[in-house]
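These notes are about the structure you will find just below.
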Amino acid sequence: MTTAITWAGAICTIAIYSFLWKENRLFRAFQNLYVGLAAGYGIILAVRIVQRQVWNPLTTKGDYSVLIPTILGILLYARFSKKWAWVARLPMAFLMGIGAALSMKAIESDFVRQIQATLIPWNSFNNIIVVFGTILSLSYFFFTLKPRPALDNMARVGRWVLMVSFGAAFGNAVQGRLSLLIAQMQFMLRDWLHLIK
Amino acid sequence: MRALKKFAEVDRRYLYLLLLIVVIVPLVKPLGIPIDVSSSTMKFVNAVDSLQPGDRMLLVFDYSIGGGPDVDPQAQVVMAHALSKGAKVVCVAFVDTGLQYATKAIEFWEKRGKVYGEDMINLGYAAGAETAVSAFAQDIRAVFPTDVRGKRLDEYPIMQGIKNAGDFKLIAEFATGIPGPAEWIRQVQTRYKVPLACGVVAVMGPQNEPYLQSGQLVGLLGGGLKSAAEYEIAVKMPGAATAAMDAQSLGHVAIVLFVILGNIVFIIEKSEEKSKKPTRK
């Protein structure tokens, strides 16, 4: 049986895809509806988080330490006042500090481990591609050395390696977009029109 | 030649229509194009296969509505596989819309006889992206004192003995952006040495391959819907992703043809422009 929610989903799908024909009022109305729903959903979640992380510990346990991050969070909104905008820099600095500290872990995960992973025996075509592809790609980003023919040639090949990886990413992006269309068509044909199982 | 040039002038809406037909026809009449399972998918399958009955697995729904059709089939089949092995699944989200997918998955399995709180649980959503992931990994109850149903975690048998991320046998993270594999490797895998497998939206696949090669990931579903189909085939649980593969293959053929034809027309027009330019004598 086709439910009201399925009908609503089907109408939304048609309205959004109508943009492909041309820009129209129906599309704009549903686009605004989508933005509104997303904002409403975000606000409800935010309220629930404040309730769980701030209100409950404060009222049931008397845990006043939760007030510190709450006040810092509220101070972020000071940027909307010209007079008090500078106050927002305090929590922002705090956030920057946390961000920097958390990023330090990347030294091991993204730097040391990735270098280790490149130190592999040249006993297969794949391994050779990994080792030389990495060196050639990095050579493209040497800006501190004077241009020399050997380095220039390495950088040129490195650029090709980079372009191949961009091509792979683009191919996957196309694949992903097609998946969105297929999933929506499956919904329309299966749940709405009952043409497929 | 003239026909090719006409192709360049075709209203793009006809191309959309053609693509729509190419996608719809194989969905209605499947062709059965064979699907090969890649080694990165097999590694993921093996990681879930190695779970013993009673082992706890963390399933992270870090994906948005926009990337959901690409990643959700991956999460669904991995959850089905883990539950079929007798493993217990703890669901959590660090992307707001991920909570909806987690709730849907839990409801689906509750209707099929799995017991909430024993076989699976939904902790809910925590804001803060990488910071929240780091805090969660350190002390789960500090971020989630209760689950989405409002009960304390200690009241559920599934959460007994689980204090931090290191207490899980496997973490399966599904992402469409941030937090994603890089953040989970940085904040969780590197510190707690817990096996981490990831499923990502297709566009993120290539950039996460190095983590699989370095052993920081024990499995990677990097091809979006295609990886989900590979997983379904590998564990003999064909579902929506497998059914979509014919449409995906034919859609790719159509797009590749458009790209080739477009480039041929571009080259012809460029060479014609060159020949029209007056030459100096």
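In the structure tokens, the first chain shown is A, the next is B, and so on; residue numbers restart at 1 for each chain, and ligands run from 1 in the order shown.
Close contacts of Phe44 (chain B), defined as residues with an atom at most 8 Å away when counting only C-alpha atoms, with chain neighbours fewer than 2 positions off set aside, comprise B:Ser40, B:Thr41, B:Met42, B:Asn46, B:Ala47, B:Val48, B:Ala197, B:Val218, B:Gly219, B:Leu220, B:Leu221.
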Export of prior selection with N, CA and C atoms as an mmCIF file, in the first residue's frame:
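And here's result_2.cif as it stands now:
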data_model
loop_
_atom_site.group_PDB
_atom_site.id
_atom_site.type_symbol
_atom_site.label_atom_id
_atom_site.label_comp_id
_atom_site.auth_asym_id
_atom_site.auth_seq_id
_atom_site.Cartn_x
_atom_site.Cartn_y
_atom_site.Cartn_z
ATOM 1 N N SER B 40 39.580 -4.903 -1.621
ATOM 2 C CA SER B 40 39.309 -4.031 -0.467
ATOM 3 C C SER B 40 37.970 -4.392 0.184
ATOM 4 N N THR B 41 36.974 -4.776 -0.652
ATOM 5 C CA THR B 41 35.678 -5.208 -0.111
ATOM 6 C C THR B 41 35.844 -6.534 0.629
ATOM 7 N N MET B 42 36.634 -7.449 0.041
ATOM 8 C CA MET B 42 36.844 -8.769 0.672
ATOM 9 C C MET B 42 37.488 -8.623 2.048
ATOM 10 N N ASN B 46 36.010 -10.013 5.463
ATOM 11 C CA ASN B 46 36.790 -10.888 6.355
ATOM 12 C C ASN B 46 36.849 -10.326 7.778
ATOM 13 N N ALA B 47 36.934 -8.985 7.877
ATOM 14 C CA ALA B 47 36.990 -8.351 9.205
ATOM 15 C C ALA B 47 35.694 -8.624 9.975
ATOM 16 N N VAL B 48 34.549 -8.523 9.304
ATOM 17 C CA VAL B 48 33.263 -8.795 9.968
ATOM 18 C C VAL B 48 33.115 -10.302 10.221
ATOM 19 N N ALA B 197 37.293 -0.345 9.955
ATOM 20 C CA ALA B 197 36.952 -0.518 8.536
ATOM 21 C C ALA B 197 36.008 0.609 8.150
ATOM 22 N N VAL B 218 41.274 -1.897 8.079
ATOM 23 C CA VAL B 218 41.276 -3.337 7.803
ATOM 24 C C VAL B 218 40.354 -3.676 6.627
ATOM 25 N N GLY B 219 39.613 -2.686 6.164
ATOM 26 C CA GLY B 219 38.746 -2.888 5.010
ATOM 27 C C GLY B 219 38.215 -1.548 4.542
ATOM 28 N N LEU B 220 37.927 -1.459 3.248
ATOM 29 C CA LEU B 220 37.418 -0.187 2.716
ATOM 30 C C LEU B 220 36.378 -0.458 1.640
ATOM 31 N N LEU B 221 35.206 0.145 1.827
ATOM 32 C CA LEU B 221 34.189 0.130 0.776
ATOM 33 C C LEU B 221 34.240 1.518 0.140
#
Give me, as a PDB file with N, CA and C atoms, in the first residue's frame, all polymer residues having an atom no more than 6 Å from region 151-159 of chain A, counting only C-alpha atoms and skipping those fewer than 6 positions away in the same chain.
ATOM      1  N   LEU A 136      57.298  11.208  -7.356  1.00  0.00           N
ATOM      2  CA  LEU A 136      57.069  12.138  -8.484  1.00  0.00           C
ATOM      3  C   LEU A 136      56.007  13.184  -8.129  1.00  0.00           C
ATOM      4  N   SER A 137      54.946  12.757  -7.437  1.00  0.00           N
ATOM      5  CA  SER A 137      53.903  13.729  -7.048  1.00  0.00           C
ATOM      6  C   SER A 137      54.479  14.764  -6.092  1.00  0.00           C
ATOM      7  N   SER A 139      57.549  15.719  -5.910  1.00  0.00           N
ATOM      8  CA  SER A 139      58.520  16.583  -6.613  1.00  0.00           C
ATOM      9  C   SER A 139      57.822  17.781  -7.271  1.00  0.00           C
ATOM     10  N   TYR A 140      56.535  17.629  -7.584  1.00  0.00           N
ATOM     11  CA  TYR A 140      55.782  18.744  -8.175  1.00  0.00           C
ATOM     12  C   TYR A 140      55.654  19.908  -7.182  1.00  0.00           C
TER      13      TYR A 140
END
At a cut-off of 7 Å, which residues of chain A touch chain B? Count only C-alpha atoms and give the answer as a PyMOL selection string. chain A and resi 20-21+105-106+109+113-114+117+168-169+172-173+175-176+178-180+182-183+185+195-196
Take the residues from that selection and put them in a file with N, CA, C and O atoms, as a tab-separated table (two decimals), in the first residue's frame.
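Result file again.tsv:
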chain	number	residue	atom	x	y	z
A	20	LEU	N	15.50	20.21	-13.85
A	20	LEU	CA	16.22	19.78	-15.05
A	20	LEU	C	15.51	20.26	-16.31
A	20	LEU	O	16.13	20.46	-17.35
A	21	TRP	N	14.18	20.42	-16.20
A	21	TRP	CA	13.44	20.95	-17.35
A	21	TRP	C	13.73	22.44	-17.46
A	21	TRP	O	14.21	22.91	-18.47
A	105	LYS	N	47.74	14.72	16.35
A	105	LYS	CA	47.75	13.26	16.21
A	105	LYS	C	47.97	12.84	14.76
A	105	LYS	O	48.31	11.69	14.49
A	106	ALA	N	47.75	13.78	13.84
A	106	ALA	CA	47.96	13.48	12.42
A	106	ALA	C	49.42	13.21	12.10
A	106	ALA	O	49.74	12.60	11.08
A	109	SER	N	49.38	9.46	12.37
A	109	SER	CA	48.46	8.74	11.47
A	109	SER	C	48.65	9.10	10.00
A	109	SER	O	48.56	8.24	9.13
A	113	ARG	N	52.96	7.07	9.51
A	113	ARG	CA	52.43	5.81	9.00
A	113	ARG	C	52.37	5.79	7.48
A	113	ARG	O	52.57	4.74	6.85
A	114	GLN	N	52.11	6.93	6.88
A	114	GLN	CA	52.05	6.97	5.41
A	114	GLN	C	53.44	6.86	4.79
A	114	GLN	O	53.61	6.24	3.74
A	117	ALA	N	54.34	3.29	5.00
A	117	ALA	CA	53.61	2.50	4.00
A	117	ALA	C	54.21	2.63	2.61
A	117	ALA	O	53.93	1.82	1.72
A	168	ALA	N	40.53	9.76	-11.35
A	168	ALA	CA	39.87	8.67	-10.59
A	168	ALA	C	38.82	9.25	-9.66
A	168	ALA	O	37.71	8.71	-9.54
A	169	ALA	N	39.18	10.36	-8.99
A	169	ALA	CA	38.23	10.99	-8.06
A	169	ALA	C	37.01	11.50	-8.83
A	169	ALA	O	35.87	11.35	-8.37
A	172	ASN	N	34.77	8.62	-9.83
A	172	ASN	CA	34.00	8.16	-8.68
A	172	ASN	C	32.89	9.14	-8.33
A	172	ASN	O	31.82	8.74	-7.86
A	173	ALA	N	33.15	10.45	-8.56
A	173	ALA	CA	32.11	11.46	-8.30
A	173	ALA	C	30.92	11.24	-9.23
A	173	ALA	O	29.76	11.29	-8.79
A	175	GLN	N	30.11	8.43	-10.61
A	175	GLN	CA	29.47	7.18	-10.15
A	175	GLN	C	28.54	7.47	-8.96
A	175	GLN	O	27.42	6.97	-8.91
A	176	GLY	N	29.02	8.32	-8.04
A	176	GLY	CA	28.22	8.66	-6.86
A	176	GLY	C	26.95	9.38	-7.23
A	176	GLY	O	25.88	9.11	-6.68
A	178	LEU	N	25.35	9.24	-10.03
A	178	LEU	CA	24.45	8.29	-10.70
A	178	LEU	C	23.75	7.41	-9.66
A	178	LEU	O	22.57	7.07	-9.82
A	179	SER	N	24.48	7.07	-8.60
A	179	SER	CA	23.89	6.25	-7.52
A	179	SER	C	22.69	6.98	-6.90
A	179	SER	O	21.69	6.36	-6.55
A	180	LEU	N	22.81	8.31	-6.75
A	180	LEU	CA	21.71	9.10	-6.17
A	180	LEU	C	20.47	8.99	-7.06
A	180	LEU	O	19.36	8.79	-6.57
A	182	ILE	N	19.81	6.59	-9.24
A	182	ILE	CA	19.31	5.21	-9.22
A	182	ILE	C	18.49	4.96	-7.96
A	182	ILE	O	17.40	4.40	-8.01
A	183	ALA	N	19.01	5.40	-6.80
A	183	ALA	CA	18.30	5.17	-5.53
A	183	ALA	C	16.93	5.84	-5.57
A	183	ALA	O	15.93	5.28	-5.10
A	185	MET	N	15.18	6.57	-8.28
A	185	MET	CA	14.33	5.85	-9.23
A	185	MET	C	13.83	4.54	-8.62
A	185	MET	O	12.70	4.12	-8.87
A	195	LEU	N	6.32	-1.00	-9.51
A	195	LEU	CA	6.69	-1.65	-10.78
A	195	LEU	C	7.81	-2.67	-10.58
A	195	LEU	O	8.01	-3.55	-11.41
A	196	ILE	N	8.60	-2.50	-9.51
A	196	ILE	CA	9.66	-3.47	-9.22
A	196	ILE	C	9.54	-3.94	-7.77
A	196	ILE	O	8.89	-3.28	-6.95
Need the shell around Ile158 (chain B): protein/DNA/RNA residues with any atom at most 8 Å away, counting only C-alpha atoms. Skip same-chain ones fewer than 3 positions apart. Format as a ChimeraX atom specification? /B:56,88,90,117-121
Exercise: Leu75 (chain A) partners within 9 Å, only C-alpha atoms, chain neighbours under 5 positions left out, as a count of residues only: 6
Give me, as a list in words, all polymer residues having an atom no more than 8 Å from Gln52 (chain B), counting only C-alpha atoms and skipping those fewer than 2 positions away in the same chain.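 These residues fall inside the cut-off: Ser50, Gly54, Asp55, Lys85, Gly86 and Ala87 of chain B.
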For Ala135 (chain B), which of B:Phe168, B:Phe108, B:Tyr63, B:Phe94 is the closest residue, counting only C-alpha atoms? B:Phe94
Step one, run DSSP on the backbone; step two, keep only residues of region 12-250 of chain B assigned to strand (DSSP E or B); then write them as a count of residues only. 36
